[in-house]
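Structure file data02.csv with CSV, C-alpha atoms:
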```
chain,number,residue,atom,x,y,z
V,1034,ALA,CA,98.2,41.5,63.7
V,1035,ALA,CA,97.0,42.8,60.3
V,1036,CYS,CA,98.2,41.5,57.0
V,1037,PRO,CA,99.4,44.3,54.7
V,1038,ALA,CA,98.9,42.1,51.7
V,1039,CYS,CA,95.1,42.1,52.2
V,1040,GLY,CA,94.4,44.1,55.4
V,1041,ALA,CA,92.9,41.3,57.3
V,1042,GLY,CA,93.3,41.0,61.1
V,1043,HIS,CA,94.9,38.0,62.7
V,1044,SER,CA,95.7,36.6,66.1
V,1045,ARG,CA,98.9,35.0,64.6
V,1046,PRO,CA,101.5,36.0,62.0
V,1047,CYS,CA,100.9,35.0,58.4
V,1048,ASN,CA,102.5,35.4,55.0
V,1049,ASN,CA,101.2,36.7,51.7
V,1050,HIS,CA,99.9,33.3,50.7
V,1051,ASP,CA,97.7,32.7,53.7
V,1052,ALA,CA,94.3,31.5,52.5
V,1053,ASP,CA,92.5,32.4,55.8
V,1054,CYS,CA,94.0,35.9,55.5
V,1055,CYS,CA,92.3,36.4,52.1
V,1056,ARG,CA,89.0,34.9,53.3
V,1057,ALA,CA,89.0,37.4,56.1
V,1058,THR,CA,89.7,40.2,53.7
V,1059,VAL,CA,86.6,39.4,51.6
V,1060,ARG,CA,84.4,39.1,54.6
V,1061,ARG,CA,85.4,42.7,55.4
V,1062,LEU,CA,85.0,43.7,51.7
V,1063,SER,CA,81.5,42.3,51.7
V,1064,MET,CA,80.6,44.3,54.7
V,1065,LYS,CA,82.0,47.4,53.2
V,1066,SER,CA,80.2,46.8,49.9
V,1067,ARG,CA,76.7,46.9,51.4
V,1068,SER,CA,76.6,50.6,51.2
V,1069,GLN,CA,77.5,50.4,47.5
V,1070,SER,CA,74.8,47.9,46.8
V,1071,ARG,CA,77.4,45.2,46.0
V,1072,SER,CA,78.2,42.0,47.7
V,1073,TRP,CA,80.9,39.4,47.5
V,1074,PRO,CA,80.9,35.9,49.0
V,1075,HIS,CA,82.1,35.8,52.6
V,1076,ASP,CA,84.1,32.6,52.1
V,1077,LEU,CA,86.1,33.7,49.1
V,1078,SER,CA,89.7,32.5,48.9
V,1079,LEU,CA,92.2,34.5,46.9
V,1080,GLN,CA,95.2,32.3,47.0
V,1081,ARG,CA,94.9,31.0,43.4
V,1082,VAL,CA,92.8,33.1,41.2
V,1083,LEU,CA,91.6,33.0,37.6
V,1084,VAL,CA,90.6,36.1,35.5
V,1085,VAL,CA,88.5,35.3,32.5
V,1086,GLY,CA,86.4,37.1,30.0
V,1087,SER,CA,86.2,38.2,26.3
V,1088,CYS,CA,89.3,39.0,24.4
V,1089,GLY,CA,90.0,42.7,25.0
V,1090,ALA,CA,88.0,42.9,28.2
V,1091,GLY,CA,91.0,43.9,30.3
V,1092,LYS,CA,91.9,40.6,32.0
V,1093,SER,CA,95.6,41.3,32.2
V,1094,THR,CA,95.0,44.8,33.5
V,1095,PHE,CA,92.8,43.5,36.3
V,1096,ALA,CA,95.2,40.7,37.2
V,1097,ARG,CA,98.1,43.2,37.4
V,1098,ALA,CA,95.9,45.4,39.7
V,1099,LEU,CA,95.2,42.5,42.0
V,1100,ALA,CA,98.8,41.2,42.2
V,1101,PRO,CA,100.4,43.7,44.5
V,1102,ARG,CA,97.3,43.9,46.7
V,1103,LEU,CA,97.1,40.2,47.2
V,1104,GLY,CA,100.8,39.4,47.1
V,1105,ARG,CA,100.4,37.0,44.2
V,1106,PRO,CA,102.4,36.7,41.0
V,1107,VAL,CA,100.6,37.1,37.7
V,1108,VAL,CA,100.5,34.2,35.3
V,1109,GLU,CA,99.9,35.8,31.9
V,1110,LEU,CA,98.9,32.9,29.6
V,1111,ASP,CA,99.4,35.0,26.5
V,1112,ALA,CA,103.1,35.1,27.3
V,1113,PHE,CA,103.2,31.3,27.6
V,1114,HIS,CA,101.2,30.8,24.4
V,1115,TRP,CA,102.9,33.2,22.0
V,1116,GLY,CA,106.4,32.9,20.6
V,1117,PRO,CA,108.3,35.4,18.4
V,1118,ASP,CA,106.5,36.9,15.4
V,1119,TRP,CA,103.1,36.0,16.8
V,1120,THR,CA,103.8,32.3,16.3
V,1121,PRO,CA,102.0,30.0,18.8
V,1122,LYS,CA,104.4,27.8,20.8
V,1123,PRO,CA,104.0,24.1,20.5
V,1124,ARG,CA,101.2,22.7,22.6
V,1125,GLU,CA,103.5,20.6,24.8
V,1126,ALA,CA,105.7,23.7,25.6
V,1127,PHE,CA,102.6,25.8,26.4
V,1128,ARG,CA,101.2,23.1,28.7
V,1129,ALA,CA,104.6,22.6,30.5
V,1130,LEU,CA,104.8,26.3,31.3
V,1131,ALA,CA,101.2,26.4,32.6
V,1132,ALA,CA,101.7,23.2,34.7
V,1133,ALA,CA,104.8,24.7,36.4
V,1134,ALA,CA,102.8,27.9,37.2
V,1135,ALA,CA,99.8,26.0,38.4
V,1136,ALA,CA,102.0,24.0,40.9
V,1137,ARG,CA,102.9,27.2,42.7
V,1138,GLU,CA,101.4,28.0,46.1
V,1139,GLY,CA,99.6,31.2,44.9
V,1140,TRP,CA,99.0,32.9,41.6
V,1141,ILE,CA,96.7,35.1,39.5
V,1142,ALA,CA,96.2,33.6,36.0
V,1143,ASP,CA,94.6,35.6,33.3
V,1144,GLY,CA,93.4,34.0,30.0
V,1145,ASN,CA,90.8,31.6,28.6
V,1146,TYR,CA,93.0,29.0,27.0
V,1147,SER,CA,91.1,25.6,26.9
V,1148,ALA,CA,94.4,23.8,26.2
V,1149,VAL,CA,95.5,24.4,29.8
V,1150,ARG,CA,92.2,24.5,31.6
V,1151,ASP,CA,92.7,21.0,33.0
V,1152,LEU,CA,95.9,22.2,34.6
V,1153,LEU,CA,94.8,25.5,36.1
V,1154,TRP,CA,91.1,25.3,36.9
V,1155,PRO,CA,91.3,22.3,39.3
V,1156,ARG,CA,93.9,24.1,41.4
V,1157,ALA,CA,92.2,27.5,41.3
V,1158,GLN,CA,89.8,28.7,44.0
V,1159,THR,CA,88.2,31.8,42.7
V,1160,VAL,CA,87.2,33.0,39.2
V,1161,PHE,CA,86.8,36.7,38.4
V,1162,TRP,CA,84.7,36.9,35.2
V,1163,LEU,CA,84.8,40.2,33.4
V,1164,ASN,CA,81.5,39.8,31.7
V,1165,TYR,CA,81.2,43.2,30.0
V,1166,PRO,CA,78.8,44.2,27.2
V,1167,PHE,CA,80.0,43.8,23.6
V,1168,HIS,CA,80.3,47.6,23.0
V,1169,THR,CA,82.4,48.0,26.2
V,1170,VAL,CA,84.8,45.3,25.2
V,1171,MET,CA,85.0,46.5,21.5
V,1172,VAL,CA,85.9,50.1,22.5
V,1173,ARG,CA,88.5,48.9,25.0
V,1174,ALA,CA,90.0,46.5,22.4
V,1175,LEU,CA,90.2,49.3,19.8
V,1176,ARG,CA,91.8,51.7,22.2
V,1177,ARG,CA,94.3,49.2,23.4
V,1178,THR,CA,95.4,48.2,19.9
V,1179,LEU,CA,95.8,51.8,18.9
V,1180,ARG,CA,97.7,52.6,22.1
V,1181,ARG,CA,100.0,49.7,21.7
V,1182,SER,CA,100.6,50.3,18.0
V,1183,LEU,CA,101.1,54.0,18.1
V,1184,GLY,CA,103.3,53.7,21.2
V,1185,ARG,CA,105.2,50.8,19.6
V,1186,GLN,CA,104.8,48.8,22.8
V,1187,THR,CA,106.8,45.6,22.9
V,1188,LEU,CA,104.8,42.6,24.2
V,1189,TRP,CA,105.9,39.0,24.8
V,1190,HIS,CA,109.0,37.8,23.0
V,1191,GLY,CA,109.4,41.0,21.0
V,1192,ASN,CA,105.9,41.0,19.5
V,1193,ARG,CA,104.1,44.3,18.7
V,1194,GLU,CA,100.6,45.1,17.6
V,1195,THR,CA,100.3,47.2,14.5
V,1196,LEU,CA,97.7,49.6,13.1
V,1197,ALA,CA,96.8,47.0,10.6
V,1198,MET,CA,95.7,44.8,13.4
V,1199,ALA,CA,93.1,47.3,14.4
V,1200,VAL,CA,91.1,46.4,11.3
V,1201,GLY,CA,92.8,43.2,10.1
V,1202,ARG,CA,91.4,39.7,10.4
V,1203,ASP,CA,94.1,38.7,12.9
V,1204,GLY,CA,93.7,41.7,15.2
V,1205,VAL,CA,92.1,41.9,18.6
V,1206,PRO,CA,89.0,43.9,17.5
V,1207,ARG,CA,88.1,41.3,14.8
V,1208,GLU,CA,88.7,38.6,17.4
V,1209,VAL,CA,86.2,40.3,19.8
V,1210,TRP,CA,83.7,40.4,16.9
V,1211,ARG,CA,84.1,36.7,16.2
V,1212,THR,CA,84.3,35.4,19.7
V,1213,TRP,CA,82.5,37.7,22.2
V,1214,ALA,CA,79.1,35.9,22.2
V,1215,ARG,CA,80.7,32.4,22.0
V,1216,ARG,CA,83.0,33.1,24.9
V,1217,ARG,CA,80.2,34.4,27.0
V,1218,ARG,CA,78.1,31.3,26.4
V,1219,LEU,CA,81.1,29.0,27.2
V,1220,LEU,CA,81.9,30.7,30.4
V,1221,ALA,CA,78.3,30.7,31.5
V,1222,GLU,CA,78.2,26.9,30.8
V,1223,LEU,CA,81.4,26.4,32.8
V,1224,ARG,CA,80.0,28.3,35.7
V,1225,ALA,CA,76.7,26.4,35.7
V,1226,GLY,CA,78.3,23.0,35.0
V,1227,ASN,CA,79.7,20.3,37.3
V,1228,ALA,CA,83.3,20.1,36.0
V,1229,TYR,CA,84.6,22.6,38.5
V,1230,PRO,CA,82.1,22.8,41.4
V,1231,HIS,CA,84.8,23.9,43.9
V,1232,LEU,CA,85.2,27.3,42.2
V,1233,THR,CA,83.7,30.5,43.5
V,1234,TRP,CA,82.7,32.9,40.7
V,1235,ILE,CA,82.8,36.7,41.0
V,1236,GLU,CA,81.1,38.3,38.0
V,1237,PHE,CA,81.6,42.0,37.0
V,1238,HIS,CA,79.3,43.5,34.4
V,1239,ALA,CA,81.2,46.8,34.0
V,1240,PRO,CA,84.8,48.0,34.5
V,1241,ALA,CA,83.6,50.2,37.4
V,1242,GLN,CA,82.6,47.1,39.4
V,1243,ALA,CA,86.0,45.6,39.0
V,1244,GLN,CA,87.6,48.9,40.0
V,1245,ALA,CA,85.4,49.0,43.1
V,1246,PHE,CA,86.8,45.7,44.2
V,1247,VAL,CA,90.4,46.9,43.7
V,1248,ASP,CA,89.5,50.2,45.6
V,1249,ALA,CA,88.0,48.2,48.4
V,1250,LEU,CA,91.3,46.3,48.8
V,1251,ASP,CA,93.2,49.6,48.9
V,1252,GLY,CA,90.8,50.9,51.5
V,1253,LEU,CA,91.4,48.0,53.8
V,1254,ARG,CA,95.1,48.3,53.5
V,1255,ALA,CA,95.0,52.0,54.2
V,1256,GLU,CA,92.8,51.4,57.3
V,1257,HIS,CA,95.3,49.0,58.8
V,1258,ALA,CA,98.3,51.0,57.9
V,1259,GLN,CA,96.9,53.7,60.1
V,1260,ALA,CA,95.7,51.5,62.9
V,1261,ASP,CA,98.3,51.6,65.7
V,1262,GLN,CA,96.6,48.8,67.6
V,1263,PHE,CA,97.6,46.3,64.9
V,1264,ASP,CA,101.1,44.9,65.1
V,1265,THR,CA,101.6,43.1,61.9
V,1266,GLY,CA,103.7,39.9,61.6
V,1267,CYS,CA,103.4,39.9,57.8
V,1268,PRO,CA,106.2,40.8,55.4
V,1269,ARG,CA,105.7,44.0,53.6
```
What does the file become when written as structure tokens?
Amino acid sequence: AACPACGAGHSRPCNNHDADCCRATVRRLSMKSRSQSRSWPHDLSLQRVLVVGSCGAGKSTFARALAPRLGRPVVELDAFHWGPDWTPKPREAFRALAAAAAAREGWIADGNYSAVRDLLWPRAQTVFWLNYPFHTVMVRALRRTLRRSLGRQTLWHGNRETLAMAVGRDGVPREVWRTWARRRRLLAELRAGNAYPHLTWIEFHAPAQAQAFVDALDGLRAEHAQADQFDTGCPR
């Protein structure tokens, strides 16, 4: 059978949370990537995934792109952290929400919050690090803030970004300016350290690399959707 959640072939039925299914997917992704001069670990598990990177890098966008392709719910930590009027929730409430999410069988969590790292990171299996250059992140952050403010997009708990946030000290662009280098150093230290040795890290240095991973997942799903010899036992 072939799993439509990831395109992997199986001799037995599986469901969308099957870790072996996802490892088989990445083995195939790695083989496909050779012609693109990219490689991903062959033993990657995508059952519980973290997406990290600088503020404004596009973590939530990448997580939402992965979610339907891997059959995992997105855990958006910003939604857990912020209350109405951009007021942070109490630490205990934030941690309780994160703990409940971490206990699930499968998920894709996006965000860098150290306050809940001890809850999510021990359970995670793979980290996608959007390690983009400063100018790339800043341009993306400015565009996102302008798009959200001009479009009056409603975020978590009725919050909205405003044009003033594009230049104000509490806005995302200013946060990128303040934290980009520090965040990059911290993530490099976490990757090199011994606190979470079980994690597999996938590092993207440009948005095109992240998109290539998503496209490869789509390619595998399309292959198996057209292959009559595969009789899938997976739910669609």
Item checked: Shell around segment 1226-1231 of chain V at 10 Å using only C-alpha atoms, local window under 6 positions removed, as a PyMOL selection string -> chain V and resi 1151+1154-1159+1220
Notebook entry, point to check: Hey, what's within 12 Å of Val1205 of chain V if we count only C-alpha atoms and toss same-chain stuff fewer than 5 positions away? As a list in words, please?
Noted result: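 Here the answer would be Ser1087, Cys1088, Gly1089, Ala1090, Gly1091, Val1170, Met1171, Val1172, Arg1173, Ala1174, Leu1175, Arg1176, Arg1177, Thr1178, Leu1179, Arg1181, Ser1182, Glu1194, Thr1195, Leu1196, Ala1197, Met1198, Ala1199, Val1200, Trp1210, Arg1211, Thr1212 and Trp1213 of chain V.
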Note to self: Under the rule that all atoms listed in the file are counted, which of V:Phe1161, V:Phe1167, V:Trp1234, V:Trp1140 is the nearest residue to Phe1246 of chain V?
What the structure shows: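 Checking each of V:Phe1161, V:Phe1167, V:Trp1234, V:Trp1140 against Phe1246 of chain V, counting all atoms listed in the file, the winner is V:Phe1161.
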Next item on the list: Identify, on the basis of all atoms listed in the file, every residue whose closest approach to segment 1115-1126 of chain V does not exceed 7 Å; exclude the query and any residue fewer than 6 positions from it along the same chain; express the result as a PyMOL selection string.
Entry: chain V and resi 1190-1192
Check: When you draw a straight line from atom CA of Gly1144 of chain V to atom CA of Leu1110 of chain V, how long is it in Å?
Finding: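 Atom-to-atom, atom CA of Gly1144 of chain V and atom CA of Leu1110 of chain V are spaced 5.6 Å apart.
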How big is the axis-aligned box, and where does its centre sit, when it encloses all atoms of segment 1211-1218 of chain V listed in the file and has 6 Å added on every side, reported in Å to one decimal as JSON?
```
{"center_x": 81.2, "center_y": 34.5, "center_z": 21.6, "size_x": 18.2, "size_y": 18.4, "size_z": 22.8}
```
Next item on the list: Write out as number ranges by chain which residues come within 10 Å of Ala1142 of chain V when counting all atoms listed in the file, dropping same-chain ones fewer than 3 positions away.
Entry: V: 1081-1085, 1092-1093, 1096-1097, 1105-1110, 1131, 1134-1135, 1139, 1145, 1153-1154, 1157, 1160
Notebook entry, point to check: Which residue out of V:Pro1101, V:Leu1163, V:Glu1222, V:Gln1186 has the minimum interatomic distance to Ala1243 of chain V when only C-alpha atoms are used?
Noted result: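 Residue with the minimum atom-to-atom distance to Ala1243 of chain V: V:Leu1163.
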Notebook entry, point to check: Please, what distance in Å, to one decimal, runs between atom CA of Thr1233 of chain V and atom CA of Leu1077 of chain V?
Noted result: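 The value is 6.9 Å.
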Assuming the input is short of atoms at segment 1199-1232 of chain V, produce N, CA and C atoms for that part as an mmCIF file, keeping the file's coordinate frame.
```cif
data_model
loop_
_atom_site.group_PDB
_atom_site.id
_atom_site.type_symbol
_atom_site.label_atom_id
_atom_site.label_comp_id
_atom_site.auth_asym_id
_atom_site.auth_seq_id
_atom_site.Cartn_x
_atom_site.Cartn_y
_atom_site.Cartn_z
ATOM 1 N N ALA V 1199 94.317 46.675 13.942
ATOM 2 C CA ALA V 1199 93.100 47.300 14.400
ATOM 3 C C ALA V 1199 91.904 46.958 13.500
ATOM 4 N N VAL V 1200 92.202 46.683 12.234
ATOM 5 C CA VAL V 1200 91.100 46.400 11.300
ATOM 6 C C VAL V 1200 91.337 45.042 10.584
ATOM 7 N N GLY V 1201 92.506 44.438 10.758
ATOM 8 C CA GLY V 1201 92.800 43.200 10.100
ATOM 9 C C GLY V 1201 92.106 41.992 10.704
ATOM 10 N N ARG V 1202 92.073 40.894 9.978
ATOM 11 C CA ARG V 1202 91.400 39.700 10.400
ATOM 12 C C ARG V 1202 92.061 39.021 11.599
ATOM 13 N N ASP V 1203 93.361 39.308 11.804
ATOM 14 C CA ASP V 1203 94.100 38.700 12.900
ATOM 15 C C ASP V 1203 94.214 39.611 14.111
ATOM 16 N N GLY V 1204 93.577 40.778 14.064
ATOM 17 C CA GLY V 1204 93.700 41.700 15.200
ATOM 18 C C GLY V 1204 92.695 41.440 16.274
ATOM 19 N N VAL V 1205 92.941 42.075 17.406
ATOM 20 C CA VAL V 1205 92.100 41.900 18.600
ATOM 21 C C VAL V 1205 90.661 42.339 18.341
ATOM 22 N N PRO V 1206 90.410 43.509 17.719
ATOM 23 C CA PRO V 1206 89.000 43.900 17.500
ATOM 24 C C PRO V 1206 88.218 42.883 16.684
ATOM 25 N N ARG V 1207 88.832 42.329 15.634
ATOM 26 C CA ARG V 1207 88.100 41.300 14.800
ATOM 27 C C ARG V 1207 87.909 40.046 15.690
ATOM 28 N N GLU V 1208 88.860 39.735 16.548
ATOM 29 C CA GLU V 1208 88.700 38.600 17.400
ATOM 30 C C GLU V 1208 87.533 38.793 18.400
ATOM 31 N N VAL V 1209 87.393 40.016 18.895
ATOM 32 C CA VAL V 1209 86.200 40.300 19.800
ATOM 33 C C VAL V 1209 84.946 40.117 18.984
ATOM 34 N N TRP V 1210 84.898 40.590 17.752
ATOM 35 C CA TRP V 1210 83.700 40.400 16.900
ATOM 36 C C TRP V 1210 83.331 38.982 16.725
ATOM 37 N N ARG V 1211 84.352 38.149 16.496
ATOM 38 C CA ARG V 1211 84.100 36.700 16.200
ATOM 39 C C ARG V 1211 83.746 35.931 17.461
ATOM 40 N N THR V 1212 84.336 36.278 18.599
ATOM 41 C CA THR V 1212 84.300 35.400 19.700
ATOM 42 C C THR V 1212 83.519 35.850 20.948
ATOM 43 N N TRP V 1213 83.109 37.130 20.990
ATOM 44 C CA TRP V 1213 82.500 37.700 22.200
ATOM 45 C C TRP V 1213 81.303 36.832 22.676
ATOM 46 N N ALA V 1214 80.339 36.587 21.784
ATOM 47 C CA ALA V 1214 79.100 35.900 22.200
ATOM 48 C C ALA V 1214 79.455 34.408 22.523
ATOM 49 N N ARG V 1215 80.326 33.779 21.737
ATOM 50 C CA ARG V 1215 80.700 32.400 22.000
ATOM 51 C C ARG V 1215 81.403 32.244 23.327
ATOM 52 N N ARG V 1216 82.314 33.169 23.621
ATOM 53 C CA ARG V 1216 83.000 33.100 24.900
ATOM 54 C C ARG V 1216 82.096 33.291 26.073
ATOM 55 N N ARG V 1217 81.147 34.184 25.911
ATOM 56 C CA ARG V 1217 80.200 34.400 27.000
ATOM 57 C C ARG V 1217 79.365 33.172 27.283
ATOM 58 N N ARG V 1218 78.917 32.509 26.221
ATOM 59 C CA ARG V 1218 78.100 31.300 26.400
ATOM 60 C C ARG V 1218 78.981 30.193 27.069
ATOM 61 N N LEU V 1219 80.220 30.053 26.627
ATOM 62 C CA LEU V 1219 81.100 29.000 27.200
ATOM 63 C C LEU V 1219 81.337 29.242 28.665
ATOM 64 N N LEU V 1220 81.641 30.470 29.045
ATOM 65 C CA LEU V 1220 81.900 30.700 30.400
ATOM 66 C C LEU V 1220 80.655 30.552 31.304
ATOM 67 N N ALA V 1221 79.503 30.922 30.759
ATOM 68 C CA ALA V 1221 78.300 30.700 31.500
ATOM 69 C C ALA V 1221 78.034 29.178 31.693
ATOM 70 N N GLU V 1222 78.368 28.375 30.682
ATOM 71 C CA GLU V 1222 78.200 26.900 30.800
ATOM 72 C C GLU V 1222 79.210 26.355 31.819
ATOM 73 N N LEU V 1223 80.435 26.861 31.822
ATOM 74 C CA LEU V 1223 81.400 26.400 32.800
ATOM 75 C C LEU V 1223 80.991 26.756 34.218
ATOM 76 N N ARG V 1224 80.413 27.923 34.361
ATOM 77 C CA ARG V 1224 80.000 28.300 35.700
ATOM 78 C C ARG V 1224 78.802 27.469 36.169
ATOM 79 N N ALA V 1225 77.886 27.137 35.282
ATOM 80 C CA ALA V 1225 76.700 26.400 35.700
ATOM 81 C C ALA V 1225 76.961 24.873 35.713
ATOM 82 N N GLY V 1226 78.061 24.413 35.092
ATOM 83 C CA GLY V 1226 78.300 23.000 35.000
ATOM 84 C C GLY V 1226 78.902 22.378 36.250
ATOM 85 N N ASN V 1227 79.197 21.082 36.145
ATOM 86 C CA ASN V 1227 79.700 20.300 37.300
ATOM 87 C C ASN V 1227 81.175 19.984 37.187
ATOM 88 N N ALA V 1228 81.854 20.477 36.170
ATOM 89 C CA ALA V 1228 83.300 20.100 36.000
ATOM 90 C C ALA V 1228 84.156 20.715 37.067
ATOM 91 N N TYR V 1229 83.820 21.914 37.543
ATOM 92 C CA TYR V 1229 84.600 22.600 38.500
ATOM 93 C C TYR V 1229 83.756 23.154 39.652
ATOM 94 N N PRO V 1230 83.095 22.288 40.404
ATOM 95 C CA PRO V 1230 82.100 22.800 41.400
ATOM 96 C C PRO V 1230 82.772 23.479 42.590
ATOM 97 N N HIS V 1231 84.073 23.312 42.765
ATOM 98 C CA HIS V 1231 84.800 23.900 43.900
ATOM 99 C C HIS V 1231 85.003 25.408 43.713
ATOM 100 N N LEU V 1232 84.878 25.896 42.494
ATOM 101 C CA LEU V 1232 85.200 27.300 42.200
ATOM 102 C C LEU V 1232 84.144 28.253 42.671
#
```
